[in-house]
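Visitor: My structure is stored as my_file.csv, with CSV, C-alpha atoms.
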chain,number,residue,atom,x,y,z
A,1,MET,CA,-21.4,-62.3,7.1
A,2,LYS,CA,-19.0,-61.2,4.3
A,3,PHE,CA,-19.6,-63.0,1.0
A,4,GLY,CA,-17.5,-63.3,-2.1
A,5,ILE,CA,-19.3,-64.4,-5.3
A,6,LEU,CA,-18.0,-66.2,-8.4
A,7,VAL,CA,-20.1,-66.2,-11.6
A,8,SER,CA,-18.9,-68.6,-14.2
A,9,GLU,CA,-21.7,-68.6,-16.8
A,10,GLY,CA,-22.9,-66.2,-19.4
A,11,PRO,CA,-26.1,-64.2,-18.9
A,12,TYR,CA,-29.4,-65.3,-20.5
A,13,THR,CA,-28.0,-68.7,-21.6
A,14,HIS,CA,-27.8,-69.9,-18.0
A,15,GLN,CA,-29.6,-69.2,-14.8
A,16,ALA,CA,-26.4,-68.6,-12.9
A,17,SER,CA,-26.2,-64.8,-13.4
A,18,ASP,CA,-29.8,-64.3,-12.3
A,19,THR,CA,-29.4,-66.5,-9.2
A,20,ALA,CA,-26.1,-64.8,-8.3
A,21,TYR,CA,-27.7,-61.4,-8.5
A,22,GLN,CA,-30.7,-62.5,-6.5
A,23,PHE,CA,-28.4,-64.0,-3.9
A,24,CYS,CA,-26.5,-60.7,-3.6
A,25,ALA,CA,-29.6,-58.6,-3.4
A,26,ALA,CA,-31.1,-60.9,-0.7
A,27,ALA,CA,-27.8,-61.0,1.3
A,28,LEU,CA,-27.5,-57.2,1.2
A,29,ALA,CA,-31.2,-56.8,2.2
A,30,LYS,CA,-30.5,-59.0,5.3
A,31,GLY,CA,-27.5,-56.8,6.3
A,32,HIS,CA,-24.7,-59.0,5.0
A,33,SER,CA,-22.0,-57.6,2.9
A,34,VAL,CA,-20.8,-58.7,-0.6
A,35,GLN,CA,-17.2,-57.9,-1.0
A,36,ARG,CA,-16.8,-58.7,-4.6
A,37,VAL,CA,-18.4,-60.5,-7.6
A,38,PHE,CA,-15.8,-62.1,-9.8
A,39,PHE,CA,-16.7,-63.0,-13.4
A,40,TYR,CA,-14.9,-65.9,-14.9
A,41,HIS,CA,-15.3,-68.3,-17.9
A,42,ASP,CA,-18.3,-67.1,-20.0
A,43,GLY,CA,-19.3,-65.1,-16.9
A,44,VAL,CA,-17.3,-62.3,-18.4
A,45,TYR,CA,-20.2,-61.6,-20.8
A,46,ASN,CA,-22.1,-60.2,-17.8
A,47,ALA,CA,-19.9,-57.1,-18.1
A,48,THR,CA,-20.5,-55.8,-21.6
A,49,ARG,CA,-22.5,-52.6,-22.1
A,50,LEU,CA,-23.3,-53.6,-25.6
A,51,THR,CA,-25.9,-56.0,-24.2
A,52,GLU,CA,-29.4,-55.1,-25.4
A,53,PRO,CA,-32.1,-57.5,-24.3
A,54,PRO,CA,-35.7,-57.1,-25.5
A,55,GLN,CA,-37.5,-54.4,-23.5
A,56,ASP,CA,-39.8,-56.7,-21.7
A,57,ASP,CA,-36.9,-58.8,-20.3
A,58,ARG,CA,-34.7,-58.1,-17.3
A,59,HIS,CA,-31.4,-56.3,-18.1
A,60,ILE,CA,-28.8,-58.4,-16.4
A,61,VAL,CA,-25.8,-56.1,-17.1
A,62,ASN,CA,-27.6,-52.9,-15.9
A,63,ARG,CA,-28.7,-54.8,-12.8
A,64,TRP,CA,-25.1,-55.5,-11.9
A,65,SER,CA,-24.1,-51.9,-12.5
A,66,ALA,CA,-26.9,-50.7,-10.2
A,67,LEU,CA,-25.7,-53.1,-7.5
A,68,ALA,CA,-22.2,-51.6,-7.7
A,69,ALA,CA,-23.6,-48.0,-7.7
A,70,GLU,CA,-25.9,-48.6,-4.7
A,71,HIS,CA,-23.9,-50.9,-2.5
A,72,GLY,CA,-20.3,-50.4,-3.6
A,73,VAL,CA,-20.0,-54.1,-4.7
A,74,ASP,CA,-16.7,-54.6,-6.5
A,75,LEU,CA,-17.4,-56.1,-9.9
A,76,VAL,CA,-14.3,-57.8,-11.3
A,77,VAL,CA,-13.9,-59.4,-14.7
A,78,CYS,CA,-11.0,-61.9,-15.2
A,79,VAL,CA,-8.6,-60.4,-17.6
A,80,ALA,CA,-7.5,-63.6,-19.3
A,81,ALA,CA,-11.0,-64.9,-19.7
A,82,ALA,CA,-12.2,-61.5,-20.9
A,83,LEU,CA,-9.6,-60.9,-23.5
A,84,ARG,CA,-10.1,-64.4,-24.9
A,85,ARG,CA,-13.8,-63.5,-25.4
A,86,GLY,CA,-13.5,-60.0,-26.7
A,87,ILE,CA,-14.4,-58.2,-23.5
A,88,LYS,CA,-12.1,-55.1,-23.1
A,89,ASP,CA,-12.2,-51.9,-21.1
A,90,GLU,CA,-13.9,-50.1,-23.9
A,91,VAL,CA,-17.0,-52.3,-23.7
A,92,LEU,CA,-17.3,-52.5,-19.9
A,93,ALA,CA,-20.6,-51.4,-18.3
A,94,PRO,CA,-20.4,-48.9,-15.4
A,95,GLY,CA,-19.1,-50.5,-12.1
A,96,PHE,CA,-17.1,-53.2,-13.7
A,97,ARG,CA,-13.3,-53.4,-13.8
A,98,ILE,CA,-10.9,-55.9,-15.4
A,99,SER,CA,-8.3,-57.5,-13.2
A,100,GLY,CA,-6.5,-60.7,-12.6
A,101,LEU,CA,-7.4,-64.0,-11.1
A,102,GLY,CA,-5.6,-63.0,-8.0
A,103,GLN,CA,-8.8,-61.0,-7.2
A,104,LEU,CA,-10.7,-64.3,-7.0
A,105,VAL,CA,-8.1,-65.9,-4.7
A,106,ASP,CA,-8.1,-62.6,-2.6
A,107,SER,CA,-11.9,-63.0,-2.3
A,108,GLY,CA,-11.5,-66.5,-1.0
A,109,ILE,CA,-9.0,-65.3,1.6
A,110,LYS,CA,-10.9,-62.2,2.8
A,111,THR,CA,-14.5,-63.4,2.9
A,112,ASP,CA,-16.3,-65.8,5.2
A,113,ARG,CA,-17.8,-67.6,2.2
A,114,LEU,CA,-17.0,-67.7,-1.4
A,115,VAL,CA,-20.1,-68.8,-3.3
A,116,THR,CA,-20.0,-70.1,-6.9
A,117,PHE,CA,-22.8,-69.7,-9.4
A,118,GLY,CA,-22.3,-71.9,-12.5
A,119,ASP,CA,-22.0,-75.5,-13.5
B,120,MET,CA,-3.5,-69.4,5.5
B,121,LYS,CA,-6.7,-70.9,4.1
B,122,LYS,CA,-7.3,-74.3,2.5
B,123,PHE,CA,-8.2,-73.9,-1.2
B,124,MET,CA,-9.4,-77.0,-3.1
B,125,PHE,CA,-9.8,-77.0,-6.8
B,126,VAL,CA,-12.2,-79.7,-8.0
B,127,ASN,CA,-11.7,-80.8,-11.7
B,128,ARG,CA,-14.7,-82.7,-13.0
B,129,LYS,CA,-14.6,-82.2,-16.8
B,130,ALA,CA,-12.6,-83.8,-19.7
B,131,PRO,CA,-9.5,-81.9,-20.6
B,132,TYR,CA,-10.8,-80.7,-24.0
B,133,GLY,CA,-14.3,-80.1,-25.3
B,134,THR,CA,-14.8,-77.3,-22.8
B,135,ILE,CA,-12.5,-74.7,-21.4
B,136,HIS,CA,-13.1,-75.7,-17.8
B,137,ALA,CA,-9.9,-77.8,-17.4
B,138,LEU,CA,-7.6,-75.0,-18.8
B,139,GLU,CA,-9.3,-72.2,-16.9
B,140,SER,CA,-9.1,-74.2,-13.7
B,141,LEU,CA,-5.4,-74.7,-14.2
B,142,GLU,CA,-5.0,-70.9,-14.7
B,143,VAL,CA,-6.6,-70.2,-11.3
B,144,VAL,CA,-4.5,-72.9,-9.6
B,145,LEU,CA,-1.3,-71.3,-10.8
B,146,ILE,CA,-2.4,-67.9,-9.5
B,147,ALA,CA,-3.6,-69.4,-6.1
B,148,ALA,CA,-0.2,-71.0,-5.7
B,149,THR,CA,1.5,-67.6,-5.7
B,150,PHE,CA,-0.7,-66.4,-2.7
B,151,ASP,CA,1.0,-68.7,-0.2
B,152,GLN,CA,-2.2,-70.7,0.6
B,153,ASP,CA,-2.7,-74.4,1.2
B,154,VAL,CA,-3.7,-75.5,-2.3
B,155,SER,CA,-4.9,-78.9,-3.3
B,156,LEU,CA,-6.4,-80.3,-6.6
B,157,VAL,CA,-9.0,-83.0,-6.9
B,158,PHE,CA,-9.8,-84.9,-10.1
B,159,LEU,CA,-13.0,-86.8,-10.3
B,160,ASP,CA,-15.6,-87.8,-12.9
B,161,ASP,CA,-14.3,-87.1,-16.4
B,162,GLY,CA,-11.8,-84.8,-14.7
B,163,VAL,CA,-9.5,-87.8,-14.3
B,164,TYR,CA,-8.8,-87.7,-18.0
B,165,GLU,CA,-7.1,-84.3,-17.5
B,166,LEU,CA,-4.2,-86.4,-16.1
B,167,ALA,CA,-4.2,-89.2,-18.6
B,168,LYS,CA,-0.9,-90.0,-20.4
B,169,GLY,CA,-0.6,-89.7,-24.1
B,170,GLN,CA,-2.8,-86.7,-24.8
B,171,ASP,CA,-2.4,-85.6,-28.4
B,172,THR,CA,-4.4,-82.6,-29.5
B,173,GLN,CA,-3.0,-82.1,-33.0
B,174,GLY,CA,-6.1,-83.4,-34.6
B,175,ILE,CA,-8.4,-80.8,-32.9
B,176,GLY,CA,-6.1,-77.8,-33.2
B,177,ILE,CA,-6.1,-77.0,-29.5
B,178,LYS,CA,-3.1,-76.5,-27.3
B,179,ASN,CA,-2.1,-79.5,-25.2
B,180,HIS,CA,-2.0,-78.2,-21.7
B,181,SER,CA,-1.4,-81.5,-19.9
B,182,LYS,CA,2.3,-80.8,-19.5
B,183,THR,CA,1.4,-78.0,-17.1
B,184,TYR,CA,0.3,-80.6,-14.5
B,185,ARG,CA,3.9,-81.8,-14.3
B,186,ALA,CA,5.1,-78.2,-13.7
B,187,LEU,CA,2.8,-77.8,-10.6
B,188,ASP,CA,5.6,-79.2,-8.4
B,189,GLY,CA,7.6,-76.1,-9.2
B,190,TYR,CA,4.8,-74.0,-7.8
B,191,ASP,CA,4.7,-76.0,-4.6
B,192,VAL,CA,1.4,-77.5,-5.5
B,193,GLU,CA,1.9,-81.0,-4.5
B,194,LYS,CA,-1.4,-82.2,-3.2
B,195,LEU,CA,-3.1,-84.0,-6.0
B,196,TYR,CA,-6.0,-86.3,-5.3
B,197,VAL,CA,-7.8,-88.6,-7.7
B,198,GLU,CA,-11.1,-90.4,-6.9
B,199,ARG,CA,-10.7,-94.2,-7.2
B,200,GLU,CA,-14.3,-94.8,-8.3
B,201,SER,CA,-13.8,-92.3,-11.2
B,202,LEU,CA,-10.6,-94.0,-12.4
B,203,GLU,CA,-12.2,-97.5,-12.2
B,204,ALA,CA,-15.3,-96.5,-14.0
B,205,ARG,CA,-13.1,-95.4,-16.9
B,206,GLY,CA,-10.8,-98.4,-16.9
B,207,LEU,CA,-7.8,-96.3,-15.7
B,208,ASN,CA,-5.3,-96.8,-12.9
B,209,GLU,CA,-2.6,-94.7,-11.3
B,210,GLY,CA,-0.1,-95.9,-13.9
B,211,ASP,CA,-2.1,-94.2,-16.7
B,212,LEU,CA,-1.5,-90.8,-15.1
B,213,ILE,CA,1.2,-88.2,-16.0
B,214,VAL,CA,1.9,-87.1,-12.4
B,215,ASP,CA,2.1,-88.7,-9.0
B,216,VAL,CA,-1.2,-88.5,-7.2
B,217,GLU,CA,-2.9,-89.9,-4.1
B,218,VAL,CA,-5.9,-92.1,-4.9
B,219,LEU,CA,-8.8,-91.7,-2.5
B,220,SER,CA,-12.2,-93.4,-2.2
B,221,SER,CA,-15.2,-91.2,-2.6
B,222,ALA,CA,-15.8,-91.3,1.2
B,223,GLU,CA,-12.2,-90.2,1.9
B,224,MET,CA,-12.6,-87.5,-0.7
B,225,ALA,CA,-15.8,-86.2,1.0
B,226,ALA,CA,-14.0,-86.1,4.3
B,227,LEU,CA,-11.1,-84.1,2.7
B,228,MET,CA,-13.6,-81.6,1.2
B,229,THR,CA,-15.2,-80.9,4.6
B,230,GLU,CA,-11.8,-79.7,5.9
B,231,GLN,CA,-11.5,-77.0,3.2
B,232,ASP,CA,-12.1,-73.3,3.6
B,233,VAL,CA,-12.7,-72.7,-0.1
B,234,VAL,CA,-13.8,-75.2,-2.7
B,235,LEU,CA,-13.9,-74.2,-6.3
B,236,SER,CA,-15.3,-76.7,-8.8
B,237,PHE,CA,-14.6,-76.5,-12.5
Would you write the structure of this file as structure tokens?
Guide:
Amino acid sequence: MKFGILVSEGPYTHQASDTAYQFCAAALAKGHSVQRVFFYHDGVYNATRLTEPPQDDRHIVNRWSALAAEHGVDLVVCVAAALRRGIKDEVLAPGFRISGLGQLVDSGIKTDRLVTFGD
Amino acid sequence: MKKFMFVNRKAPYGTIHALESLEVVLIAATFDQDVSLVFLDDGVYELAKGQDTQGIGIKNHSKTYRALDGYDVEKLYVERESLEARGLNEGDLIVDVEVLSSAEMAALMTEQDVVLSF
């Protein structure tokens, strides 16, 4: 099955980013595909390379970058939501790109399931 | 063409959910899909008449709902139970909507391809 993912919460504050990542990893391990992860609302904070969690904690941002590098998952950050929150090209971690909300709608059109993680 | 439903559950101000939902709706409308909007829980306040945000220094985005017509977004549904629980009725809303019971709303949701809740 082809999945599209929407993450609408910031990392560390909320479980959504972790669960979304684990869902993607599990789906890929089972042979499904993840077309795109779209970051909206405070979810855009998942994309900043300035993130530095304590060493004994998981690195949510780097985990997403690795997913993109290993499986070619398209990590898209909503431009309007990002600019509002100070997320710009110059702070993006590897594998992320900034684009429009059309990419979310496109995901809904082209995937079998669009799954939301967030309140 | 797929059926996209946008479910609005939060008050218009206090969080950014209502505004950022509206932004996706306007984009989705340009993709030539079957778009509908649902308002339930505190989301019914998004359509309440007489919104005045001067005191909180935030832009009043309620006028945009009246512009949806121009984007060919004409399917607006409001849950009856949510209206009643808040002492509101159809006359208190800024746009024409179809009021549905929660059971009717649930049936409508099962017909959708994509449901996004904000």
Visitor: Quick check: residues of chain A within 7 Å of chain B, all atoms listed in the file, returned as a ChimeraX atom specification.
Guide: /A:101-102,105,108-109,114
Visitor: Please work out which residues fall within 10 Å of (-24.3, -65.8, -18.0), coordinates as given in the file, with all atoms listed in the file counting, and return them as a list in words.
Guide: Val7, Ser8, Glu9, Gly10, Pro11, Tyr12, Thr13, His14, Gln15, Ala16, Ser17, Asp18, Ala20, Phe39, Tyr40, His41, Asp42, Gly43, Val44, Tyr45, Asn46, Ala47, Ile60, Val61, Phe117 and Gly118 of chain A
Visitor: Please determine the residues with any atom at most 10 Å from (-13.0, -78.8, -12.1) (coordinates as given in the file, with all atoms listed in the file counting) and report them as an mmCIF file with C-alpha atoms, in the frame of the given file.
Guide:
data_model
loop_
_atom_site.group_PDB
_atom_site.id
_atom_site.type_symbol
_atom_site.label_atom_id
_atom_site.label_comp_id
_atom_site.auth_asym_id
_atom_site.auth_seq_id
_atom_site.Cartn_x
_atom_site.Cartn_y
_atom_site.Cartn_z
ATOM 1 C CA ASP A 119 -22.000 -75.500 -13.500
ATOM 2 C CA MET B 124 -9.400 -77.000 -3.100
ATOM 3 C CA PHE B 125 -9.800 -77.000 -6.800
ATOM 4 C CA VAL B 126 -12.200 -79.700 -8.000
ATOM 5 C CA ASN B 127 -11.700 -80.800 -11.700
ATOM 6 C CA ARG B 128 -14.700 -82.700 -13.000
ATOM 7 C CA LYS B 129 -14.600 -82.200 -16.800
ATOM 8 C CA ALA B 130 -12.600 -83.800 -19.700
ATOM 9 C CA PRO B 131 -9.500 -81.900 -20.600
ATOM 10 C CA HIS B 136 -13.100 -75.700 -17.800
ATOM 11 C CA ALA B 137 -9.900 -77.800 -17.400
ATOM 12 C CA LEU B 138 -7.600 -75.000 -18.800
ATOM 13 C CA GLU B 139 -9.300 -72.200 -16.900
ATOM 14 C CA SER B 140 -9.100 -74.200 -13.700
ATOM 15 C CA LEU B 141 -5.400 -74.700 -14.200
ATOM 16 C CA LEU B 156 -6.400 -80.300 -6.600
ATOM 17 C CA VAL B 157 -9.000 -83.000 -6.900
ATOM 18 C CA PHE B 158 -9.800 -84.900 -10.100
ATOM 19 C CA LEU B 159 -13.000 -86.800 -10.300
ATOM 20 C CA ASP B 160 -15.600 -87.800 -12.900
ATOM 21 C CA ASP B 161 -14.300 -87.100 -16.400
ATOM 22 C CA GLY B 162 -11.800 -84.800 -14.700
ATOM 23 C CA VAL B 163 -9.500 -87.800 -14.300
ATOM 24 C CA GLU B 165 -7.100 -84.300 -17.500
ATOM 25 C CA LEU B 235 -13.900 -74.200 -6.300
ATOM 26 C CA SER B 236 -15.300 -76.700 -8.800
ATOM 27 C CA PHE B 237 -14.600 -76.500 -12.500
#
Visitor: How many Å lie between atom CA of Asp89 of chain A and atom CA of Arg49 of chain A, rounded to one decimal?
Guide: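 These atoms are spaced 10.4 Å apart.
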Visitor: What is the atom CA of Val91 of chain A-atom CA of Asp106 of chain A distance in Å, reported with one decimal?
Guide: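 Between atom CA of Val91 of chain A and atom CA of Asp106 of chain A the gap is 25.1 Å.
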Visitor: Counting only C-alpha atoms, figure out which residue out of B:Arg199, B:Lys168, B:Lys194, B:Lys182 gets nearest to Leu219 of chain B.
Guide: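 Using only C-alpha atoms, the shortest distance to Leu219 of chain B belongs to B:Arg199.
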Visitor: Rounded to one decimal, what separation in Å do you get between atom CA of Asp74 of chain A and atom CA of Lys2 of chain A?
Guide: 12.9 Å
Visitor: Quick one: segment 188-201 of chain B with N, CA and C atoms, as an mmCIF file, keeping the file's coordinate frame?
Guide:
data_model
loop_
_atom_site.group_PDB
_atom_site.id
_atom_site.type_symbol
_atom_site.label_atom_id
_atom_site.label_comp_id
_atom_site.auth_asym_id
_atom_site.auth_seq_id
_atom_site.Cartn_x
_atom_site.Cartn_y
_atom_site.Cartn_z
ATOM 1 N N ASP B 188 4.521 -78.998 -9.447
ATOM 2 C CA ASP B 188 5.600 -79.200 -8.400
ATOM 3 C C ASP B 188 6.400 -77.967 -8.192
ATOM 4 N N GLY B 189 6.780 -77.321 -9.280
ATOM 5 C CA GLY B 189 7.600 -76.100 -9.200
ATOM 6 C C GLY B 189 6.898 -74.941 -8.573
ATOM 7 N N TYR B 190 5.575 -75.026 -8.501
ATOM 8 C CA TYR B 190 4.800 -74.000 -7.800
ATOM 9 C C TYR B 190 4.419 -74.375 -6.416
ATOM 10 N N ASP B 191 5.044 -75.423 -5.921
ATOM 11 C CA ASP B 191 4.700 -76.000 -4.600
ATOM 12 C C ASP B 191 3.294 -76.453 -4.471
ATOM 13 N N VAL B 192 2.704 -76.835 -5.586
ATOM 14 C CA VAL B 192 1.400 -77.500 -5.500
ATOM 15 C C VAL B 192 1.629 -78.980 -5.624
ATOM 16 N N GLU B 193 1.556 -79.636 -4.483
ATOM 17 C CA GLU B 193 1.900 -81.000 -4.500
ATOM 18 C C GLU B 193 0.811 -81.965 -4.025
ATOM 19 N N LYS B 194 -0.329 -81.358 -3.623
ATOM 20 C CA LYS B 194 -1.400 -82.200 -3.200
ATOM 21 C C LYS B 194 -2.414 -82.443 -4.305
ATOM 22 N N LEU B 195 -2.237 -83.576 -4.953
ATOM 23 C CA LEU B 195 -3.100 -84.000 -6.000
ATOM 24 C C LEU B 195 -3.863 -85.243 -5.655
ATOM 25 N N TYR B 196 -5.181 -85.169 -5.672
ATOM 26 C CA TYR B 196 -6.000 -86.300 -5.300
ATOM 27 C C TYR B 196 -6.888 -86.749 -6.422
ATOM 28 N N VAL B 197 -6.977 -88.066 -6.608
ATOM 29 C CA VAL B 197 -7.800 -88.600 -7.700
ATOM 30 C C VAL B 197 -8.803 -89.598 -7.038
ATOM 31 N N GLU B 198 -10.047 -89.523 -7.472
ATOM 32 C CA GLU B 198 -11.100 -90.400 -6.900
ATOM 33 C C GLU B 198 -10.958 -91.816 -7.540
ATOM 34 N N ARG B 199 -10.853 -92.815 -6.688
ATOM 35 C CA ARG B 199 -10.700 -94.200 -7.200
ATOM 36 C C ARG B 199 -11.852 -94.641 -8.043
ATOM 37 N N GLU B 200 -13.062 -94.357 -7.598
ATOM 38 C CA GLU B 200 -14.300 -94.800 -8.300
ATOM 39 C C GLU B 200 -14.280 -94.219 -9.756
ATOM 40 N N SER B 201 -13.842 -92.970 -9.885
ATOM 41 C CA SER B 201 -13.800 -92.300 -11.200
ATOM 42 C C SER B 201 -12.825 -92.997 -12.133
#
